[in-house]
Structure formats: C-alpha cells, structure tokens
>>> print(open('upload13.pdb').read())   # PDB, C-alpha atoms
ATOM      1  CA  MET A   1      -0.564 -55.575 -75.127
ATOM      2  CA  THR A   2      -1.627 -56.364 -71.553
ATOM      3  CA  ILE A   3      -3.346 -54.075 -69.097
ATOM      4  CA  ASP A   4      -2.648 -53.475 -65.439
ATOM      5  CA  ARG A   5      -5.157 -55.502 -63.459
ATOM      6  CA  PRO A   6      -5.600 -56.575 -59.832
ATOM      7  CA  ASP A   7      -4.237 -59.945 -58.772
ATOM      8  CA  GLY A   8      -6.676 -62.815 -59.097
ATOM      9  CA  THR A   9      -8.564 -61.382 -62.050
ATOM     10  CA  VAL A  10      -8.846 -62.971 -65.492
ATOM     11  CA  PRO A  11      -8.140 -61.036 -68.724
ATOM     12  CA  LEU A  12     -11.007 -60.198 -71.053
ATOM     13  CA  VAL A  13     -10.150 -60.138 -74.772
ATOM     14  CA  VAL A  14     -12.044 -58.636 -77.719
ATOM     15  CA  ASP A  15     -10.722 -59.154 -81.270
ATOM     16  CA  GLU A  16      -7.377 -60.374 -79.872
ATOM     17  CA  VAL A  17      -7.014 -57.211 -77.754
ATOM     18  CA  GLU A  18      -6.952 -57.381 -73.959
ATOM     19  CA  VAL A  19      -9.516 -54.808 -72.873
ATOM     20  CA  GLY A  20     -10.714 -55.758 -69.402
ATOM     21  CA  CYS A  21     -10.500 -58.111 -66.438
ATOM     22  CA  LEU A  22     -12.955 -60.232 -64.498
ATOM     23  CA  THR A  23     -13.265 -61.035 -60.817
ATOM     24  CA  GLU A  24     -14.184 -64.601 -59.897
ATOM     25  CA  ALA A  25     -17.835 -63.663 -59.386
ATOM     26  CA  TRP A  26     -18.179 -62.065 -62.803
ATOM     27  CA  LEU A  27     -16.098 -64.770 -64.475
ATOM     28  CA  GLU A  28     -18.778 -67.260 -63.504
ATOM     29  CA  ARG A  29     -21.518 -64.952 -64.729
ATOM     30  CA  VAL A  30     -20.093 -64.152 -68.167
ATOM     31  CA  LEU A  31     -19.617 -67.847 -68.930
ATOM     32  CA  GLU A  32     -23.175 -68.765 -67.942
ATOM     33  CA  ALA A  33     -25.140 -69.701 -71.082
ATOM     34  CA  PRO A  34     -26.476 -68.116 -73.189
ATOM     35  CA  THR A  35     -23.403 -65.915 -73.594
ATOM     36  CA  PRO A  36     -21.235 -64.364 -76.327
ATOM     37  CA  PHE A  37     -18.131 -65.108 -74.226
ATOM     38  CA  GLU A  38     -15.961 -68.232 -74.188
ATOM     39  CA  ARG A  39     -12.922 -69.558 -72.365
ATOM     40  CA  THR A  40     -10.475 -72.365 -73.075
ATOM     41  CA  GLY A  41      -8.877 -73.950 -70.017
ATOM     42  CA  ASN A  42      -7.337 -71.342 -67.742
ATOM     43  CA  GLY A  43      -6.845 -68.836 -70.540
ATOM     44  CA  PRO A  44      -8.445 -65.431 -70.966
ATOM     45  CA  VAL A  45     -12.143 -64.922 -71.545
ATOM     46  CA  ARG A  46     -12.847 -63.946 -75.149
ATOM     47  CA  LEU A  47     -15.735 -62.351 -76.914
ATOM     48  CA  MET A  48     -16.491 -64.980 -79.564
ATOM     49  CA  PRO A  49     -14.207 -64.409 -82.580
ATOM     50  CA  ALA A  50     -17.119 -65.004 -84.982
ATOM     51  CA  LEU A  51     -18.319 -61.556 -83.918
ATOM     52  CA  ALA A  52     -16.016 -59.834 -86.383
ATOM     53  CA  THR A  53     -17.385 -56.276 -86.740
ATOM     54  CA  PHE A  54     -18.043 -53.324 -84.441
ATOM     55  CA  ALA A  55     -21.773 -53.555 -85.150
ATOM     56  CA  GLY A  56     -21.902 -57.307 -84.597
ATOM     57  CA  ARG A  57     -19.982 -57.179 -81.336
ATOM     58  CA  SER A  58     -22.046 -54.252 -80.082
ATOM     59  CA  ALA A  59     -25.325 -56.025 -80.862
ATOM     60  CA  ALA A  60     -24.200 -59.206 -79.118
ATOM     61  CA  LEU A  61     -23.049 -57.267 -76.054
ATOM     62  CA  ALA A  62     -26.299 -55.279 -75.955
ATOM     63  CA  ALA A  63     -28.371 -58.471 -75.951
ATOM     64  CA  TRP A  64     -26.160 -60.001 -73.266
ATOM     65  CA  ALA A  65     -26.276 -56.817 -71.182
ATOM     66  CA  ASP A  66     -30.090 -56.834 -71.189
ATOM     67  CA  ALA A  67     -30.056 -60.472 -70.065
ATOM     68  CA  ALA A  68     -27.435 -59.739 -67.400
ATOM     69  CA  ARG A  69     -29.577 -56.932 -66.049
ATOM     70  CA  MET A  70     -32.499 -59.320 -65.668
ATOM     71  CA  ARG A  71     -30.380 -62.094 -64.091
ATOM     72  CA  TRP A  72     -28.305 -60.089 -61.663
ATOM     73  CA  ASP A  73     -29.870 -56.635 -61.333
ATOM     74  CA  VAL A  74     -26.789 -54.732 -62.557
ATOM     75  CA  PRO A  75     -26.576 -51.484 -60.517
ATOM     76  CA  GLY A  76     -26.190 -48.056 -62.072
ATOM     77  CA  TRP A  77     -27.945 -48.817 -65.367
ATOM     78  CA  ARG A  78     -27.830 -45.699 -67.559
ATOM     79  CA  ASP A  79     -28.986 -46.629 -71.068
ATOM     80  CA  GLU A  80     -25.707 -44.998 -72.101
ATOM     81  CA  ARG A  81     -23.318 -46.691 -74.501
ATOM     82  CA  VAL A  82     -19.575 -46.287 -74.224
ATOM     83  CA  VAL A  83     -16.998 -47.468 -76.739
ATOM     84  CA  ILE A  84     -14.440 -50.172 -75.987
ATOM     85  CA  ARG A  85     -11.211 -49.271 -77.795
ATOM     86  CA  ASP A  86      -7.856 -50.817 -78.623
ATOM     87  CA  GLU A  87      -5.541 -48.877 -76.301
ATOM     88  CA  ARG A  88      -2.685 -49.074 -78.810
ATOM     89  CA  ASP A  89      -4.309 -47.091 -81.604
ATOM     90  CA  GLY A  90      -7.753 -46.022 -80.397
ATOM     91  CA  ARG A  91      -9.542 -48.388 -82.783
ATOM     92  CA  PRO A  92     -13.173 -48.851 -81.728
ATOM     93  CA  LEU A  93     -13.931 -52.499 -80.970
ATOM     94  CA  ALA A  94     -17.477 -52.489 -79.623
ATOM     95  CA  GLY A  95     -20.078 -50.467 -77.781
ATOM     96  CA  ILE A  96     -21.480 -51.518 -74.416
ATOM     97  CA  GLU A  97     -23.831 -50.239 -71.708
ATOM     98  CA  ARG A  98     -21.831 -48.156 -69.241
ATOM     99  CA  ALA A  99     -23.116 -50.080 -66.217
ATOM    100  CA  LEU A 100     -21.152 -53.136 -67.426
ATOM    101  CA  LEU A 101     -17.746 -51.415 -67.371
ATOM    102  CA  ARG A 102     -16.922 -52.215 -63.745
ATOM    103  CA  PRO A 103     -18.250 -55.806 -63.869
ATOM    104  CA  LEU A 104     -16.100 -56.480 -66.955
ATOM    105  CA  GLY A 105     -13.123 -54.402 -65.795
ATOM    106  CA  LEU A 106     -13.373 -52.215 -68.898
ATOM    107  CA  LEU A 107     -11.855 -48.744 -69.112
ATOM    108  CA  LEU A 108     -14.035 -45.698 -68.532
ATOM    109  CA  ARG A 109     -12.714 -42.593 -70.251
ATOM    110  CA  SER A 110     -13.812 -39.460 -68.456
ATOM    111  CA  VAL A 111     -13.183 -35.759 -67.989
ATOM    112  CA  GLN A 112     -12.919 -33.703 -64.842
ATOM    113  CA  ALA A 113     -12.670 -29.998 -64.065
ATOM    114  CA  CYS A 114     -11.350 -28.651 -60.777
ATOM    115  CA  ALA A 115     -12.780 -25.146 -60.472
ATOM    116  CA  TYR A 116     -11.488 -22.295 -58.343
ATOM    117  CA  ALA A 117     -11.813 -18.559 -57.912
ATOM    118  CA  THR A 118      -9.602 -15.866 -56.430
ATOM    119  CA  GLY A 119     -10.954 -12.703 -54.846
ATOM    120  CA  PRO A 120     -10.233 -10.055 -52.200
ATOM    121  CA  ASP A 121     -10.776 -12.601 -49.396
ATOM    122  CA  GLY A 122      -8.415 -15.140 -50.927
ATOM    123  CA  PRO A 123      -8.733 -18.245 -53.084
ATOM    124  CA  ARG A 124     -11.613 -20.695 -53.013
ATOM    125  CA  LEU A 125     -12.125 -24.150 -54.503
ATOM    126  CA  TRP A 126     -15.551 -25.150 -55.744
ATOM    127  CA  ILE A 127     -16.479 -28.612 -54.482
ATOM    128  CA  ALA A 128     -19.381 -30.935 -55.284
ATOM    129  CA  ARG A 129     -21.133 -33.401 -53.017
ATOM    130  CA  ARG A 130     -22.428 -36.311 -55.069
ATOM    131  CA  ALA A 131     -26.124 -37.131 -54.820
ATOM    132  CA  GLU A 132     -27.098 -40.048 -52.589
ATOM    133  CA  HIS A 133     -28.767 -41.851 -55.504
ATOM    134  CA  LYS A 134     -25.503 -42.144 -57.458
ATOM    135  CA  PRO A 135     -24.536 -45.826 -57.928
ATOM    136  CA  VAL A 136     -20.823 -45.066 -57.399
ATOM    137  CA  ASP A 137     -19.524 -43.029 -54.426
ATOM    138  CA  PRO A 138     -22.892 -41.640 -53.272
ATOM    139  CA  GLY A 139     -22.656 -38.649 -50.946
ATOM    140  CA  ARG A 140     -18.900 -38.258 -51.353
ATOM    141  CA  LEU A 141     -17.105 -35.006 -52.098
ATOM    142  CA  ASP A 142     -15.744 -34.577 -55.613
ATOM    143  CA  ALA A 143     -14.301 -32.131 -58.090
ATOM    144  CA  LEU A 144     -16.915 -29.669 -59.328
ATOM    145  CA  VAL A 145     -17.413 -31.294 -62.740
ATOM    146  CA  ALA A 146     -16.808 -34.897 -63.813
ATOM    147  CA  GLY A 147     -18.339 -37.140 -66.426
ATOM    148  CA  GLY A 148     -17.784 -40.197 -68.574
ATOM    149  CA  ILE A 149     -17.222 -39.902 -72.321
ATOM    150  CA  ALA A 150     -20.166 -41.574 -74.045
ATOM    151  CA  GLY A 151     -20.261 -43.091 -77.513
ATOM    152  CA  PHE A 152     -18.059 -41.282 -80.003
ATOM    153  CA  ASP A 153     -18.140 -37.955 -78.143
ATOM    154  CA  THR A 154     -14.861 -36.097 -77.730
ATOM    155  CA  PRO A 155     -13.334 -35.235 -74.350
ATOM    156  CA  TRP A 156     -13.791 -31.512 -75.013
ATOM    157  CA  SER A 157     -17.461 -31.748 -75.999
ATOM    158  CA  THR A 158     -18.030 -33.927 -72.937
ATOM    159  CA  LEU A 159     -16.371 -31.346 -70.696
ATOM    160  CA  LEU A 160     -18.491 -28.485 -72.055
ATOM    161  CA  ARG A 161     -21.679 -30.530 -71.691
ATOM    162  CA  GLU A 162     -20.885 -31.670 -68.155
ATOM    163  CA  CYS A 163     -19.992 -28.126 -67.081
ATOM    164  CA  ALA A 164     -23.411 -26.959 -68.230
ATOM    165  CA  GLU A 165     -25.371 -29.921 -66.893
ATOM    166  CA  GLU A 166     -23.671 -30.418 -63.529
ATOM    167  CA  ALA A 167     -22.774 -26.873 -62.535
ATOM    168  CA  GLY A 168     -24.654 -24.432 -64.778
ATOM    169  CA  ILE A 169     -21.410 -23.161 -66.313
ATOM    170  CA  PRO A 170     -21.993 -21.700 -69.810
ATOM    171  CA  ALA A 171     -19.850 -22.820 -72.730
ATOM    172  CA  GLU A 172     -18.036 -19.497 -73.077
ATOM    173  CA  LEU A 173     -16.854 -19.797 -69.478
ATOM    174  CA  ALA A 174     -16.201 -23.551 -69.534
ATOM    175  CA  GLY A 175     -14.117 -23.002 -72.666
ATOM    176  CA  ARG A 176     -11.463 -21.319 -70.507
ATOM    177  CA  ALA A 177     -10.563 -24.676 -68.936
ATOM    178  CA  ARG A 178      -6.907 -25.677 -69.250
ATOM    179  CA  SER A 179      -5.675 -29.214 -69.709
ATOM    180  CA  ALA A 180      -3.896 -30.522 -66.613
ATOM    181  CA  GLY A 181      -2.837 -34.026 -67.625
ATOM    182  CA  THR A 182      -4.426 -37.402 -66.985
ATOM    183  CA  LEU A 183      -5.131 -39.631 -64.009
ATOM    184  CA  GLU A 184      -5.134 -43.438 -64.310
ATOM    185  CA  LEU A 185      -7.128 -45.602 -61.895
ATOM    186  CA  CYS A 186      -7.280 -49.396 -61.602
ATOM    187  CA  VAL A 187      -8.679 -50.487 -58.245
ATOM    188  CA  PRO A 188     -10.788 -53.295 -56.806
ATOM    189  CA  ALA A 189     -14.302 -52.176 -55.925
ATOM    190  CA  VAL A 190     -17.624 -53.646 -54.829
ATOM    191  CA  ASP A 191     -21.049 -53.173 -56.447
ATOM    192  CA  ASP A 192     -24.014 -54.449 -54.424
ATOM    193  CA  GLY A 193     -21.717 -56.781 -52.508
ATOM    194  CA  VAL A 194     -20.111 -58.232 -55.658
ATOM    195  CA  PRO A 195     -16.377 -57.620 -56.360
ATOM    196  CA  VAL A 196     -15.671 -55.652 -59.556
ATOM    197  CA  VAL A 197     -12.752 -53.674 -60.989
ATOM    198  CA  HIS A 198     -12.865 -49.909 -61.492
ATOM    199  CA  ARG A 199     -10.617 -48.786 -64.357
ATOM    200  CA  GLU A 200     -10.697 -45.150 -65.450
ATOM    201  CA  ARG A 201      -8.610 -42.674 -67.420
ATOM    202  CA  VAL A 202      -9.494 -39.127 -66.371
ATOM    203  CA  GLU A 203      -8.568 -36.131 -68.511
ATOM    204  CA  LEU A 204      -8.013 -33.382 -65.947
ATOM    205  CA  HIS A 205      -8.715 -29.676 -66.403
ATOM    206  CA  ASP A 206      -8.276 -26.533 -64.318
ATOM    207  CA  LEU A 207     -11.024 -23.932 -64.582
ATOM    208  CA  GLU A 208     -10.768 -20.476 -63.017
ATOM    209  CA  LEU A 209     -14.209 -18.979 -62.401
ATOM    210  CA  PRO A 210     -14.951 -15.271 -61.897
ATOM    211  CA  PRO A 211     -15.162 -14.410 -58.168
ATOM    212  CA  GLY A 212     -18.838 -13.479 -58.450
ATOM    213  CA  PHE A 213     -19.917 -16.588 -60.336
ATOM    214  CA  GLU A 214     -21.701 -19.289 -58.339
ATOM    215  CA  PRO A 215     -22.152 -22.738 -59.900
ATOM    216  CA  VAL A 216     -25.538 -24.401 -59.431
ATOM    217  CA  PRO A 217     -26.354 -28.148 -59.498
ATOM    218  CA  ALA A 218     -28.430 -28.331 -62.647
ATOM    219  CA  ASP A 219     -29.092 -32.010 -63.389
ATOM    220  CA  GLY A 220     -29.480 -33.782 -60.058
ATOM    221  CA  GLU A 221     -26.052 -35.464 -60.180
ATOM    222  CA  HIS A 222     -24.878 -33.412 -57.184
ATOM    223  CA  ALA A 223     -26.630 -32.818 -53.875
ATOM    224  CA  GLU A 224     -24.851 -29.488 -53.371
ATOM    225  CA  LEU A 225     -22.017 -27.287 -54.602
ATOM    226  CA  PHE A 226     -19.996 -25.105 -52.258
ATOM    227  CA  ALA A 227     -16.706 -23.240 -51.952
ATOM    228  CA  MET A 228     -13.831 -24.147 -49.631
ATOM    229  CA  ARG A 229     -10.613 -22.424 -48.686
ATOM    230  CA  PRO A 230      -7.555 -24.457 -49.762
ATOM    231  CA  ALA A 231      -6.720 -25.401 -46.157
ATOM    232  CA  GLU A 232     -10.288 -26.568 -45.604
ATOM    233  CA  ALA A 233     -10.197 -28.669 -48.763
ATOM    234  CA  LEU A 234      -6.897 -30.259 -47.730
ATOM    235  CA  ALA A 235      -8.237 -31.071 -44.264
ATOM    236  CA  SER A 236     -11.382 -32.640 -45.697
ATOM    237  CA  ILE A 237      -9.337 -34.801 -48.099
ATOM    238  CA  GLU A 238      -7.150 -35.989 -45.236
ATOM    239  CA  ALA A 239     -10.279 -36.814 -43.221
ATOM    240  CA  GLY A 240     -11.701 -38.950 -46.041
ATOM    241  CA  GLY A 241     -15.140 -38.825 -47.599
ATOM    242  CA  TRP A 242     -13.921 -37.927 -51.103
ATOM    243  CA  THR A 243     -13.953 -39.879 -54.334
ATOM    244  CA  ARG A 244     -10.537 -41.299 -55.124
ATOM    245  CA  ASP A 245     -10.113 -39.371 -58.382
ATOM    246  CA  GLY A 246     -11.624 -36.162 -57.006
ATOM    247  CA  ALA A 247      -9.217 -36.165 -54.072
ATOM    248  CA  GLN A 248      -6.172 -36.837 -56.242
ATOM    249  CA  ALA A 249      -7.146 -34.204 -58.809
ATOM    250  CA  THR A 250      -7.850 -31.580 -56.131
ATOM    251  CA  LEU A 251      -4.528 -32.220 -54.401
ATOM    252  CA  ALA A 252      -2.743 -31.903 -57.752
ATOM    253  CA  LEU A 253      -4.490 -28.564 -58.360
ATOM    254  CA  LEU A 254      -3.473 -27.262 -54.937
ATOM    255  CA  HIS A 255       0.125 -28.163 -55.708
ATOM    256  CA  ARG A 256       0.044 -26.530 -59.162
ATOM    257  CA  LEU A 257      -1.374 -23.293 -57.772
ATOM    258  CA  GLY A 258       1.055 -23.231 -54.854
ATOM    259  CA  TRP A 259      -1.771 -23.249 -52.285
ATOM    260  CA  LEU A 260      -0.363 -25.938 -49.984
ATOM    261  CA  ALA A 261       1.778 -23.697 -47.794
TER
END
>>> encode(input="upload13.pdb", output="structure tokens")
Amino acid sequence: MTIDRPDGTVPLVVDEVEVGCLTEAWLERVLEAPTPFERTGNGPVRLMPALATFAGRSAALAAWADAARMRWDVPGWRDERVVIRDERDGRPLAGIERALLRPLGLLLRSVQACAYATGPDGPRLWIARRAEHKPVDPGRLDALVAGGIAGFDTPWSTLLRECAEEAGIPAELAGRARSAGTLELCVPAVDDGVPVVHRERVELHDLELPPGFEPVPADGEHAELFAMRPAEALASIEAGGWTRDGAQATLALLHRLGWLA
C-alpha cells in the first residue's frame, strides 16, 4: 500500500508499511546519526527492521524524538503520544510524539464538531478563533471543536473530551453530535521555515446546540468563541483567515443544512 504524498517527498516505512513521507530537509535530519532510520540508495527511508515490536519501535522513536528536539527545536511539542497505524487494518505499529507527525509526514487522526443553533432570529454557527500561541494556524478561524486522537483513545471519547475542554460543552449535550463523514488532508506546509507535510484524517460531526447555550473557551486553545450568521460565515471563509479543515467542514455543514441560499 502506498499513500498520497506531495511530489518530491520520500516515503517513510515502518515494518514494511508505508506510513509517512519526508521533505528534503527532514530527509537529511532523520538520516543524521545517531538515528533509528536507514536508507538504501534512492529507496524509502525505513525504521530499522530490527525494531520488531510496538514497544521497541516506540522506545526508539521516543529517544530519537528527544534528540531531535534538542538538535532542531521541533515546534509544537506536546508530550502527547499518538499511534502510527497500518492503514489497511488499523494495526498499531508504534507510538510517537505528536510534534513529529508533520516533520515525518505521518497521519494525524482527529475529530471535529461544527456547532450551530437555530432560534427566533434565525440560525447561527458557533466559530472559534485559535489562540495565537498555537503552533499550527495561530489566530485563524476554525470549527468550534477540533482535536487530535491521542494514544489508544477512541474518536468518540476524544470528541466528548474536546467538547468539554475547548468549549465547555457537557457530555450529555456533546453526545447529541451526529457523524458527518470524514475529511482527508495531505498538503505541503512549513514549520519554523522548514518544509513539512501535513496529513490528517478528520472525523466530522454536526452538533446542534440549544439557542440559549453559549460555549466558553475552557482550556486556552481558543482566543474566543462567537456566533455568526451563515452568510457571515460564508463571507469570512471566502475572505480567508480560516484553517483549511475548518473552512471545508463549515462549508459542508452549510450545504447539508441548506443554508447557502
């Protein structure tokens, strides 16, 4: 199995499974000794085959990640492990610090909830403005709730947690969210001036909130939360200033609800 990847990148393989892709800058870095990665000729970069278990691979990647952080000041460090999986069957291959996903072109699995309310004065969409300290897309507009799936957490438990942490939405209300499909992203990006690859699979959800309920930014991930009329949201998306996935998910919601007259 191969993955979609931008031109000019080199495949990254773990246990004979292609899981990521490397830009030229990060290709040089991952092969700089000491490293658990190897490459033969112009072939793919491989995590050394001698690392034959989930625990062994995860330990080797953790040690390398700590060294990489010291060498190159990896932005967005979270002390949060995510699981690299075989896309064919979901088999867990290794765990790695989330900040290394974009440098290694690894897939981030995430959840997102587009929230809205309808009342006597018409429909409203609840929008978030990301905090300026966020390492990715600081200050941009986004769907109300979004978060990466850490470790062996499930998408649903992640959604409930993120609803509570990012918007103060209790579990009994967040539990009304409806699945709305998935969004796949694979785009070149830049972190601190260094080219990387952003790959993400977003599980989308629609969440209708009671008209009188006002979300509150609870964990510092968002600078502010506010409501927009559908036409205002559309105009702001067309003007730019949104995250790529937030804009696409919000447009899809507007289409589903028939609010793009």
>>> resolve_selection(input="upload13.pdb", expression="the PyMOL selection byres ((chain A and resi 122-135) around 7)", output="PyMOL selection string")
chain A and resi 75-76+115-121+136-144+221-230
>>> closest_residue(input="upload13.pdb", among="A:Asp219, A:Asp206, A:Asp73, A:Glu166", to="Leu254 in chain A", atoms="all atoms listed in the file")
A:Asp206
>>> atom_distance(input="upload13.pdb", atom1="CA of Cys186 in chain A", atom2="CA of Pro6 in chain A")
7.6 Å
>>> closest_atom_pairs(input="upload13.pdb", of="range 139-209 of chain A", to="range 102-106 of chain A", cutoff="9 Å", atoms="all atoms listed in the file", output="JSON lines")
{"residue": "A:Cys186", "atom": "CA", "partner": "A:Gly105", "partner_atom": "CA", "distance": 8.8}
{"residue": "A:Ala189", "atom": "CA", "partner": "A:Arg102", "partner_atom": "CA", "distance": 8.2}
{"residue": "A:Asp191", "atom": "CA", "partner": "A:Pro103", "partner_atom": "CA", "distance": 8.4}
{"residue": "A:Val194", "atom": "CA", "partner": "A:Pro103", "partner_atom": "CA", "distance": 8.8}
{"residue": "A:Pro195", "atom": "CA", "partner": "A:Pro103", "partner_atom": "CA", "distance": 7.9}
{"residue": "A:Val196", "atom": "CA", "partner": "A:Pro103", "partner_atom": "CA", "distance": 5.0}
{"residue": "A:Val197", "atom": "CA", "partner": "A:Gly105", "partner_atom": "CA", "distance": 4.9}
{"residue": "A:His198", "atom": "CA", "partner": "A:Arg102", "partner_atom": "CA", "distance": 5.2}
{"residue": "A:Arg199", "atom": "CA", "partner": "A:Gly105", "partner_atom": "CA", "distance": 6.3}
{"residue": "A:Glu200", "atom": "CA", "partner": "A:Leu106", "partner_atom": "CA", "distance": 8.3}
>>> atom_distance(input="upload13.pdb", atom1="CA of Arg5 in chain A", atom2="CA of Arg244 in chain A")
17.3 Å
>>> closest_residue(input="upload13.pdb", among="A:Leu183, A:Leu257, A:Ile237, A:Leu100", to="Arg69 in chain A", atoms="all atoms listed in the file")
A:Leu100
>>> decode(input="upload13.pdb", residues="range 190-215 of chain A", atoms="C-alpha atoms", output="PDB file, in the first residue's frame")
ATOM      1  CA  VAL A 190       6.065  24.995   6.725  1.00  0.00           C
ATOM      2  CA  ASP A 191       7.095  24.818  10.396  1.00  0.00           C
ATOM      3  CA  ASP A 192       9.572  27.477  11.539  1.00  0.00           C
ATOM      4  CA  GLY A 193      10.710  27.973   7.955  1.00  0.00           C
ATOM      5  CA  VAL A 194      11.258  24.244   7.323  1.00  0.00           C
ATOM      6  CA  PRO A 195       9.072  22.395   4.753  1.00  0.00           C
ATOM      7  CA  VAL A 196       6.931  19.594   6.222  1.00  0.00           C
ATOM      8  CA  VAL A 197       3.855  17.624   5.154  1.00  0.00           C
ATOM      9  CA  HIS A 198       0.504  17.920   6.922  1.00  0.00           C
ATOM     10  CA  ARG A 199      -1.539  14.716   6.651  1.00  0.00           C
ATOM     11  CA  GLU A 200      -4.799  14.435   8.578  1.00  0.00           C
ATOM     12  CA  ARG A 201      -7.973  12.364   8.609  1.00  0.00           C
ATOM     13  CA  VAL A 202     -10.763  14.313  10.307  1.00  0.00           C
ATOM     14  CA  GLU A 203     -13.904  12.596  11.572  1.00  0.00           C
ATOM     15  CA  LEU A 204     -16.572  15.270  11.157  1.00  0.00           C
ATOM     16  CA  HIS A 205     -19.612  15.808  13.371  1.00  0.00           C
ATOM     17  CA  ASP A 206     -22.593  18.160  13.398  1.00  0.00           C
ATOM     18  CA  LEU A 207     -23.747  19.387  16.796  1.00  0.00           C
ATOM     19  CA  GLU A 208     -26.940  21.387  17.307  1.00  0.00           C
ATOM     20  CA  LEU A 209     -26.781  23.456  20.494  1.00  0.00           C
ATOM     21  CA  PRO A 210     -29.788  24.886  22.356  1.00  0.00           C
ATOM     22  CA  PRO A 211     -30.400  28.538  21.369  1.00  0.00           C
ATOM     23  CA  GLY A 212     -29.647  29.760  24.891  1.00  0.00           C
ATOM     24  CA  PHE A 213     -26.414  27.824  25.326  1.00  0.00           C
ATOM     25  CA  GLU A 214     -23.169  29.770  24.944  1.00  0.00           C
ATOM     26  CA  PRO A 215     -19.897  27.843  24.596  1.00  0.00           C
TER      27      PRO A 215
END
